[in-house]
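Below: final.cif (mmCIF, C-alpha atoms)
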```
data_my_file
loop_
_atom_site.label_atom_id
_atom_site.label_comp_id
_atom_site.auth_asym_id
_atom_site.auth_seq_id
_atom_site.Cartn_x
_atom_site.Cartn_y
_atom_site.Cartn_z
CA MET A 20 47.93 9.33 -67.71
CA ASN A 21 45.54 9.00 -70.65
CA THR A 22 45.84 12.17 -72.75
CA SER A 23 43.37 11.20 -75.47
CA PRO A 24 41.23 14.21 -76.48
CA MET A 25 38.16 12.01 -76.78
CA LEU A 26 36.01 11.54 -73.74
CA VAL A 27 33.20 9.20 -72.77
CA SER A 28 30.85 10.35 -70.02
CA VAL A 29 29.07 7.79 -67.88
CA CYS A 30 25.75 9.07 -66.56
CA MET A 31 24.93 7.42 -63.23
CA ILE A 32 21.82 8.47 -61.31
CA THR A 33 21.36 7.06 -57.83
CA TYR A 34 18.98 7.15 -54.88
CA ASN A 35 18.99 4.84 -51.86
CA HIS A 36 21.53 2.51 -53.46
CA GLU A 37 24.01 2.12 -50.60
CA SER A 38 23.99 -1.68 -51.04
CA TYR A 39 24.73 -1.49 -54.77
CA ILE A 40 26.50 1.77 -55.62
CA LYS A 41 30.04 0.46 -55.03
CA GLN A 42 29.49 -2.31 -57.56
CA ALA A 43 28.12 0.19 -60.07
CA ILE A 44 31.09 2.53 -59.67
CA GLU A 45 33.67 -0.28 -59.76
CA GLY A 46 32.14 -1.51 -63.04
CA VAL A 47 33.04 1.85 -64.57
CA LEU A 48 36.48 2.06 -63.00
CA MET A 49 37.46 -1.37 -64.37
CA GLN A 50 36.98 -0.28 -67.99
CA LYS A 51 40.07 -0.71 -70.14
CA THR A 52 40.13 2.01 -72.81
CA ASN A 53 42.48 4.05 -75.00
CA PHE A 54 40.36 7.15 -74.32
CA ARG A 55 39.38 9.12 -71.24
CA VAL A 56 36.29 8.22 -69.22
CA GLU A 57 34.49 10.45 -66.74
CA LEU A 58 31.83 9.24 -64.32
CA VAL A 59 29.12 11.79 -63.48
CA ILE A 60 27.02 10.73 -60.48
CA GLY A 61 23.67 12.40 -59.89
CA GLU A 62 22.98 11.64 -56.23
CA ASP A 63 19.38 12.56 -55.40
CA CYS A 64 19.49 13.33 -51.66
CA SER A 65 19.40 9.73 -50.46
CA PRO A 66 18.52 9.19 -46.78
CA ASP A 67 20.92 6.24 -46.60
CA ARG A 68 24.74 6.16 -47.05
CA THR A 69 24.69 6.43 -50.85
CA ARG A 70 26.03 10.00 -50.92
CA GLN A 71 28.79 9.25 -48.42
CA ILE A 72 29.99 6.30 -50.52
CA CYS A 73 29.95 8.43 -53.68
CA LYS A 74 31.92 11.17 -51.90
CA GLU A 75 34.58 8.68 -50.88
CA TYR A 76 35.03 7.57 -54.49
CA SER A 77 35.00 11.12 -55.93
CA SER A 78 37.70 12.17 -53.46
CA ARG A 79 39.91 9.27 -54.58
CA TYR A 80 39.37 9.45 -58.36
CA SER A 81 39.73 12.67 -60.31
CA ASN A 82 37.53 11.39 -63.15
CA ILE A 83 34.49 11.02 -60.87
CA ARG A 84 32.25 14.06 -60.49
CA LEU A 85 29.55 13.97 -57.84
CA LEU A 86 26.41 16.06 -58.33
CA PRO A 87 24.63 16.14 -54.96
CA SER A 88 21.12 17.57 -54.69
CA GLU A 89 19.88 19.47 -51.66
CA LYS A 90 16.40 17.98 -51.98
CA ASN A 91 14.97 14.94 -53.70
CA LEU A 92 14.33 15.87 -57.33
CA GLY A 93 12.88 12.63 -58.64
CA VAL A 94 14.14 10.34 -61.38
CA ILE A 95 13.53 12.46 -64.49
CA PRO A 96 14.82 15.83 -63.20
CA ASN A 97 17.85 14.07 -61.72
CA LEU A 98 18.52 12.28 -65.00
CA ILE A 99 18.21 15.47 -67.05
CA ARG A 100 20.59 17.48 -64.84
CA THR A 101 23.12 14.64 -64.82
CA LEU A 102 23.00 14.23 -68.59
CA GLU A 103 23.44 17.97 -69.06
CA SER A 104 26.59 17.78 -66.93
CA CYS A 105 28.13 15.12 -69.17
CA THR A 106 30.80 16.62 -71.42
CA GLY A 107 31.92 13.60 -73.46
CA ASP A 108 31.61 12.83 -77.15
CA TYR A 109 29.65 9.75 -76.10
CA ILE A 110 27.33 9.07 -73.17
CA ALA A 111 26.97 5.71 -71.43
CA PHE A 112 24.34 4.90 -68.83
CA CYS A 113 24.48 2.93 -65.60
CA GLU A 114 22.07 3.54 -62.74
CA GLY A 115 23.30 3.04 -59.20
CA ASP A 116 21.70 -0.37 -58.77
CA ASP A 117 23.03 -1.83 -62.04
CA TYR A 118 26.62 -2.67 -62.98
CA TRP A 119 28.90 -3.54 -65.89
CA ILE A 120 30.56 -6.94 -66.17
CA ASP A 121 32.68 -6.58 -69.31
CA PRO A 122 35.86 -4.50 -68.80
CA HIS A 123 35.98 -3.87 -72.56
CA LYS A 124 32.36 -2.70 -72.89
CA LEU A 125 33.15 0.93 -73.65
CA GLN A 126 36.09 0.17 -75.91
CA LYS A 127 34.07 -2.22 -78.08
CA GLN A 128 31.22 0.25 -78.41
CA VAL A 129 33.38 3.30 -79.10
CA ASP A 130 35.39 1.40 -81.71
CA PHE A 131 32.18 0.54 -83.52
CA LEU A 132 30.66 4.02 -83.42
CA ASN A 133 33.94 5.63 -84.49
CA LYS A 134 33.91 3.47 -87.63
CA ASN A 135 30.18 3.81 -88.34
CA ASN A 136 29.10 7.43 -88.41
CA ASP A 137 25.58 6.51 -89.53
CA HIS A 138 24.96 4.73 -86.21
CA GLY A 139 24.03 6.83 -83.21
CA LEU A 140 23.50 4.23 -80.49
CA CYS A 141 24.65 0.73 -79.62
CA TYR A 142 23.58 -1.68 -76.91
CA SER A 143 23.78 -5.32 -75.87
CA LYS A 144 22.01 -7.92 -73.79
CA ALA A 145 22.01 -7.61 -70.01
CA LYS A 146 21.90 -10.26 -67.35
CA VAL A 147 18.79 -9.89 -65.20
CA TYR A 148 19.27 -10.24 -61.45
CA LYS A 149 16.23 -10.59 -59.19
CA GLU A 150 17.32 -8.98 -55.95
CA LYS A 151 14.61 -10.55 -53.78
CA GLU A 152 15.33 -14.07 -55.03
CA LYS A 153 19.10 -13.51 -55.28
CA THR A 154 19.13 -15.28 -58.64
CA PHE A 155 19.89 -14.50 -62.26
CA LYS A 156 17.06 -14.85 -64.76
CA LYS A 157 16.99 -14.98 -68.55
CA SER A 158 18.99 -12.21 -70.20
CA PHE A 159 17.11 -9.13 -71.39
CA GLY A 160 17.68 -7.57 -74.79
CA VAL A 161 17.17 -8.71 -78.35
CA GLU A 162 17.96 -7.15 -81.68
CA ALA A 163 15.54 -4.27 -82.29
CA LEU A 164 17.13 -1.91 -84.75
CA THR A 165 14.24 0.10 -86.15
CA PHE A 166 11.79 2.65 -84.87
CA ASP A 167 8.89 0.26 -85.50
CA ASP A 168 10.64 -2.53 -83.57
CA LEU A 169 11.04 -0.33 -80.52
CA LEU A 170 7.56 1.14 -80.85
CA VAL A 171 6.09 -2.32 -80.26
CA ASN A 172 8.35 -3.11 -77.32
CA ASN A 173 11.39 -1.59 -75.64
CA THR A 174 14.10 -4.23 -75.76
CA ILE A 175 17.03 -1.91 -75.01
CA SER A 176 18.56 -2.38 -71.57
CA THR A 177 19.74 1.04 -70.37
CA PRO A 178 23.02 0.02 -68.67
CA THR A 179 24.26 -1.46 -71.94
CA VAL A 180 23.79 1.69 -74.04
CA LEU A 181 26.39 4.00 -75.57
CA LEU A 182 25.01 7.10 -77.31
CA ARG A 183 26.47 9.93 -79.36
CA ARG A 184 26.27 13.14 -77.31
CA GLU A 185 25.24 15.26 -80.28
CA LEU A 186 22.15 13.10 -80.74
CA TYR A 187 21.13 13.64 -77.14
CA ASP A 188 21.48 17.40 -77.64
CA ARG A 189 19.30 17.26 -80.75
CA TYR A 190 16.72 15.11 -78.97
CA ASN A 191 16.63 17.53 -76.07
CA GLY A 192 15.98 20.46 -78.39
CA ASP A 193 13.40 18.65 -80.51
CA ILE A 194 11.39 16.82 -77.83
CA GLN A 195 12.07 18.94 -74.71
CA PRO A 196 11.46 16.00 -72.33
CA GLU A 197 11.61 18.27 -69.28
CA ASN A 198 8.24 19.66 -70.37
CA LYS A 199 6.59 16.24 -70.66
CA ASP A 200 4.92 14.28 -67.88
CA TRP A 201 6.79 11.10 -68.80
CA ILE A 202 8.05 8.92 -65.96
CA MET A 203 10.66 7.27 -68.20
CA GLY A 204 13.75 9.07 -69.36
CA ASP A 205 15.35 6.38 -71.52
CA TYR A 206 12.59 4.95 -73.72
CA PRO A 207 11.56 8.26 -75.39
CA LEU A 208 15.23 8.88 -76.15
CA TRP A 209 15.70 5.44 -77.72
CA LEU A 210 12.64 5.98 -79.95
CA TRP A 211 13.89 9.37 -81.13
CA VAL A 212 17.35 7.99 -81.88
CA ALA A 213 15.87 5.01 -83.77
CA HIS A 214 13.91 7.39 -85.99
CA ASN A 215 16.88 9.65 -86.66
CA SER A 216 19.82 7.25 -86.77
CA LYS A 217 20.87 3.62 -87.04
CA ILE A 218 21.27 1.34 -84.02
CA LYS A 219 23.78 -1.46 -83.42
CA PHE A 220 23.08 -4.54 -81.29
CA PHE A 221 25.92 -6.55 -79.72
CA ASP A 222 24.95 -10.17 -79.12
CA ALA A 223 26.78 -10.27 -75.79
CA GLU A 224 26.18 -9.44 -72.13
CA PHE A 225 27.83 -6.18 -71.11
CA ALA A 226 25.93 -5.45 -67.89
CA VAL A 227 23.66 -6.66 -65.12
CA TYR A 228 20.22 -5.14 -64.75
CA ARG A 229 19.05 -5.48 -61.16
CA VAL A 230 15.30 -5.88 -60.59
CA LEU A 231 14.23 -4.40 -57.27
CA GLU A 232 10.80 -4.69 -55.70
CA ASN A 233 8.58 -1.63 -55.99
CA SER A 234 10.64 0.18 -58.59
CA ALA A 235 8.86 2.30 -61.19
CA SER A 236 8.73 -0.55 -63.70
CA HIS A 237 8.44 -3.48 -61.28
CA SER A 238 5.97 -3.13 -58.43
CA THR A 239 3.84 -5.29 -56.18
CA ASP A 240 1.17 -2.58 -56.35
CA TYR A 241 -0.97 -2.91 -59.48
CA LYS A 242 -1.71 0.85 -59.39
CA LYS A 243 1.98 1.66 -59.81
CA ASP A 244 2.33 -0.92 -62.57
CA LEU A 245 -0.74 0.51 -64.29
CA ALA A 246 0.67 4.05 -64.07
CA PHE A 247 3.93 2.85 -65.64
CA LEU A 248 2.11 0.94 -68.40
CA THR A 249 -0.16 3.90 -69.17
CA ASN A 250 2.77 6.31 -69.37
CA TYR A 251 4.71 3.84 -71.53
CA HIS A 252 1.77 3.71 -73.94
CA LYS A 253 1.42 7.50 -73.89
CA ILE A 254 4.99 7.85 -75.14
CA LYS A 255 4.27 5.49 -78.03
CA VAL A 256 1.16 7.42 -79.04
CA PHE A 257 3.14 10.67 -78.90
CA TYR A 258 5.68 9.34 -81.39
CA ILE A 259 3.05 7.81 -83.66
CA ASN A 260 1.42 11.22 -83.89
CA LYS A 261 4.73 13.02 -84.29
CA TYR A 262 6.12 10.84 -87.06
CA GLY A 263 2.87 9.64 -88.66
CA HIS A 264 3.40 5.91 -88.21
CA SER A 265 -0.32 5.16 -88.35
CA ASN A 266 0.48 1.68 -89.69
CA MET A 267 1.74 0.81 -86.19
CA GLU A 268 -1.28 2.11 -84.30
CA ASN A 269 -3.17 -1.21 -84.14
CA ARG A 270 -0.12 -3.12 -82.90
CA VAL A 271 0.59 -0.52 -80.23
CA TRP A 272 -2.97 -0.61 -78.93
CA GLN A 273 -2.99 -4.41 -79.00
CA ARG A 274 0.17 -4.51 -76.94
CA TYR A 275 -1.24 -1.99 -74.46
CA TYR A 276 -4.44 -3.92 -73.79
CA SER A 277 -2.67 -7.25 -73.74
CA ASN A 278 -0.33 -5.99 -71.01
CA LYS A 279 -3.19 -4.33 -69.18
CA ALA A 280 -5.26 -7.52 -69.18
CA TYR A 281 -2.26 -9.52 -68.00
CA LEU A 282 -1.71 -7.03 -65.16
CA PHE A 283 -5.31 -7.18 -63.98
CA LEU A 284 -5.58 -10.95 -64.21
CA PHE A 285 -2.58 -11.46 -61.97
CA LYS A 286 -2.91 -8.47 -59.63
CA ASN A 287 -6.52 -7.28 -59.61
CA GLU A 288 -8.98 -9.61 -61.32
CA LYS A 289 -11.92 -7.35 -60.41
CA LYS A 290 -10.66 -4.78 -62.91
CA ILE A 291 -11.33 -7.09 -65.89
CA ASP A 292 -14.89 -5.76 -66.15
CA GLU A 293 -13.57 -2.21 -66.44
CA LEU A 294 -11.09 -3.31 -69.09
CA LEU A 295 -13.80 -4.93 -71.20
CA SER A 296 -15.98 -1.84 -70.89
CA GLU A 297 -13.08 0.36 -71.95
CA ILE A 298 -12.47 -1.72 -75.07
CA LYS A 299 -16.17 -1.72 -75.95
CA GLU A 300 -16.11 2.09 -75.96
CA PHE A 301 -13.67 2.17 -78.88
CA GLU A 302 -15.02 4.37 -81.66
CA THR A 303 -13.34 2.20 -84.28
CA PRO A 304 -15.07 -1.21 -84.60
CA THR A 305 -12.15 -2.70 -86.53
CA LEU A 306 -9.65 -1.77 -83.82
CA LYS A 307 -11.99 -3.08 -81.12
CA LEU A 308 -12.28 -6.42 -82.90
CA ARG A 309 -8.54 -6.67 -83.45
CA VAL A 310 -7.73 -5.90 -79.81
CA LEU A 311 -10.24 -8.42 -78.48
CA THR A 312 -9.05 -11.07 -80.93
CA PHE A 313 -5.44 -10.40 -80.01
CA LEU A 314 -6.20 -10.78 -76.30
CA LEU A 315 -8.16 -13.97 -76.76
CA GLU A 316 -5.39 -15.56 -78.79
CA LYS A 317 -2.87 -15.18 -75.98
CA LYS A 318 -2.26 -18.42 -74.11
CA PHE A 319 -1.52 -16.64 -70.84
CA LEU A 320 -5.01 -15.08 -70.97
CA ARG A 321 -7.04 -18.28 -70.68
CA LEU A 322 -8.64 -16.92 -67.55
CA PHE A 323 -9.59 -13.78 -69.45
CA LEU A 324 -11.23 -15.96 -72.08
CA LYS A 325 -13.33 -17.73 -69.44
CA LEU A 326 -14.36 -14.46 -67.84
CA TYR A 327 -15.21 -12.88 -71.18
CA TRP A 328 -17.54 -15.66 -72.30
CA LYS A 329 -19.07 -15.86 -68.84
CA LYS A 330 -19.92 -12.16 -68.89
CA ASN A 331 -21.30 -12.27 -72.42
CA SER A 332 -23.15 -15.63 -72.50
#
```
Let me see the structure of the file written as structure tokens.
Amino acid sequence: MNTSPMLVSVCMITYNHESYIKQAIEGVLMQKTNFRVELVIGEDCSPDRTRQICKEYSSRYSNIRLLPSEKNLGVIPNLIRTLESCTGDYIAFCEGDDYWIDPHKLQKQVDFLNKNNDHGLCYSKAKVYKEKEKTFKKSFGVEALTFDDLLVNNTISTPTVLLRRELYDRYNGDIQPENKDWIMGDYPLWLWVAHNSKIKFFDAEFAVYRVLENSASHSTDYKKDLAFLTNYHKIKVFYINKYGHSNMENRVWQRYYSNKAYLFLFKNEKKIDELLSEIKEFETPTLKLRVLTFLLEKKFLRLFLKLYWKKNS
């Protein structure tokens, strides 16, 4: 029996993951460590067999704690309650449809953070698996170690992260995410940590990130994608205002409208007129010019270029 006083908590939220949850749990159980590991599963009242599978594992393994909910709470409330139930010095993340592939993931990350007290978070690349196509795509995750890096684009794959628990507690007190209308629980946390600590990137693949159809961040419905994009941008603006990074404002707005144009071109071309009108309403002429120029320079927006000149010729 491992009697190490140090403990790592793995936060696993799950809903309707009966086809994947075993793989997620087994990825945690296979970890080889010289410290104790607990797995805390926030099961959000799934209508399928997810809860039954989790119960079977929790009855067999004393280091697995199951947190069932009597009604569906939703992603953010479920994440918050599961994180608050984690008691370890460090917190790792793995949602019920993702899984770890390196049995030494936790050991490598803990060893680093134990030796580098100025670092609060570490992460790696993740293999991307497209569930519908049953194929692996290009790995996700590049080195983005600063607040400004992450403000432009979130390149941290959640199932690869290890975080100091005391930083999560400070974030919770400072930001109070339960009082925000954010639909993402990870990205605001990464931004806060990047502003208040150093981050380490491992150039390796520790996990598999599974892309499902019609998830919050990947949908066939442009309205859902737009809601996600808008909320993503809202979080960035919140942090720009909080920390005064006005030098990043133009880049953040450029990224927002670039992604929005891309979304409309491929999923609802009729919305391009609305997008152009929205940009034209900018109160700041310089920002309007920069956003339009940025969009027109993008190779994947050739269709946008044609439409723009057609509408304004």
I'd like a table as CSV: residues in segment 93-194 of chain A with an atom no more than 12 Å from segment 265-268 of chain A, each row giving the shortest atom pair and its distance in Å to one decimal, all atoms listed in the file counted, sorted by chain and rising residue number.
```
residue,atom,partner,partner_atom,distance
A:Phe166,CA,A:Met267,CA,10.3
A:Asp167,CA,A:Met267,CA,7.2
A:Asp168,CA,A:Met267,CA,9.9
A:Leu169,CA,A:Met267,CA,11.0
A:Leu170,CA,A:Met267,CA,7.9
A:Val171,CA,A:Met267,CA,8.0
A:Asn172,CA,A:Met267,CA,11.7
```
Using only C-alpha atoms, determine which residues lie at most 9 Å from Thr179 of chain A, disregarding the query and same-chain residues fewer than 5 positions distant; provide the list as a count of residues only.
14
So that I can see what lies close to Asp205 of chain A, please list as a list of chain:residue names the residues with an atom at most 8 Å from it, counting only C-alpha atoms and leaving out residues fewer than 3 positions away in the same chain.
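Using only C-alpha atoms, the neighbours found are A:Thr177, A:Leu208, A:Trp209.
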Save the residues we just selected, C-alpha atoms, as a PDB file, keeping the file's coordinate frame?
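Saved the output as selection_31.pdb:
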```
ATOM      1  CA  THR A 177      19.740   1.040 -70.370  1.00  0.00           C
ATOM      2  CA  LEU A 208      15.230   8.880 -76.150  1.00  0.00           C
ATOM      3  CA  TRP A 209      15.700   5.440 -77.720  1.00  0.00           C
TER       4      TRP A 209
END
```
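One finds atom CA of Ile218 of chain A at 5.5 Å from atom CA of His138 of chain A.
Considering only C-alpha atoms, the residue among A:Lys149, A:Lys199, A:Phe54, A:Ser104 positioned nearest to Glu232 of chain A is A:Lys149.
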With only C-alpha atoms as the atoms that count, which of A:Ile175, A:Val94, A:Leu245, A:Ile72 lies nearest to Glu162 of chain A?
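Using only C-alpha atoms, the shortest distance to Glu162 of chain A belongs to A:Ile175.
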Could you state which residues are captured by the PyMOL selection byres ((chain A and resi 29) around 12) in this file, as a count of residues only?
50
Counting only C-alpha atoms, the option among A:Glu45, A:Asp63, A:Glu185, A:Glu37 closest to Tyr80 of chain A:
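For Tyr80 of chain A, the nearest of the candidates is A:Glu45.
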Atomic distance atom CA of Pro196 of chain A - atom CA of Ile254 of chain A, expressed in Å with one decimal
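So the two atoms, atom CA of Pro196 of chain A and atom CA of Ile254 of chain A, lie 10.8 Å apart.
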Rounded to one decimal place, report the atom CA of Tyr228 of chain A-atom CA of Gln273 of chain A distance in Å.
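Between these atoms lies a distance of 27.2 Å.
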Output the residue selection produced by the PyMOL selection byres ((chain A and resi 156) around 6) on the file above, formatted as a tab-separated table (two decimals) with C-alpha atoms, in the coordinates of the input.
```
chain	number	residue	atom	x	y	z
A	147	VAL	CA	18.79	-9.89	-65.20
A	155	PHE	CA	19.89	-14.50	-62.26
A	157	LYS	CA	16.99	-14.98	-68.55
```
Residue nearest Gln42 of chain A among A:Tyr187, A:Arg229, A:Lys261, A:Met203 (counting only C-alpha atoms):
A:Arg229
Under the rule that all atoms listed in the file are counted, which of A:Lys279, A:Lys153, A:His123, A:Lys217 is the nearest residue to Met49 of chain A?
A:His123
Select, from A:Cys64, A:Leu132, A:Leu186, A:Ile99, the residue with the minimum atom-to-atom distance to His214 of chain A, counting all atoms listed in the file.
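For His214 of chain A, the nearest of the candidates is A:Leu186.
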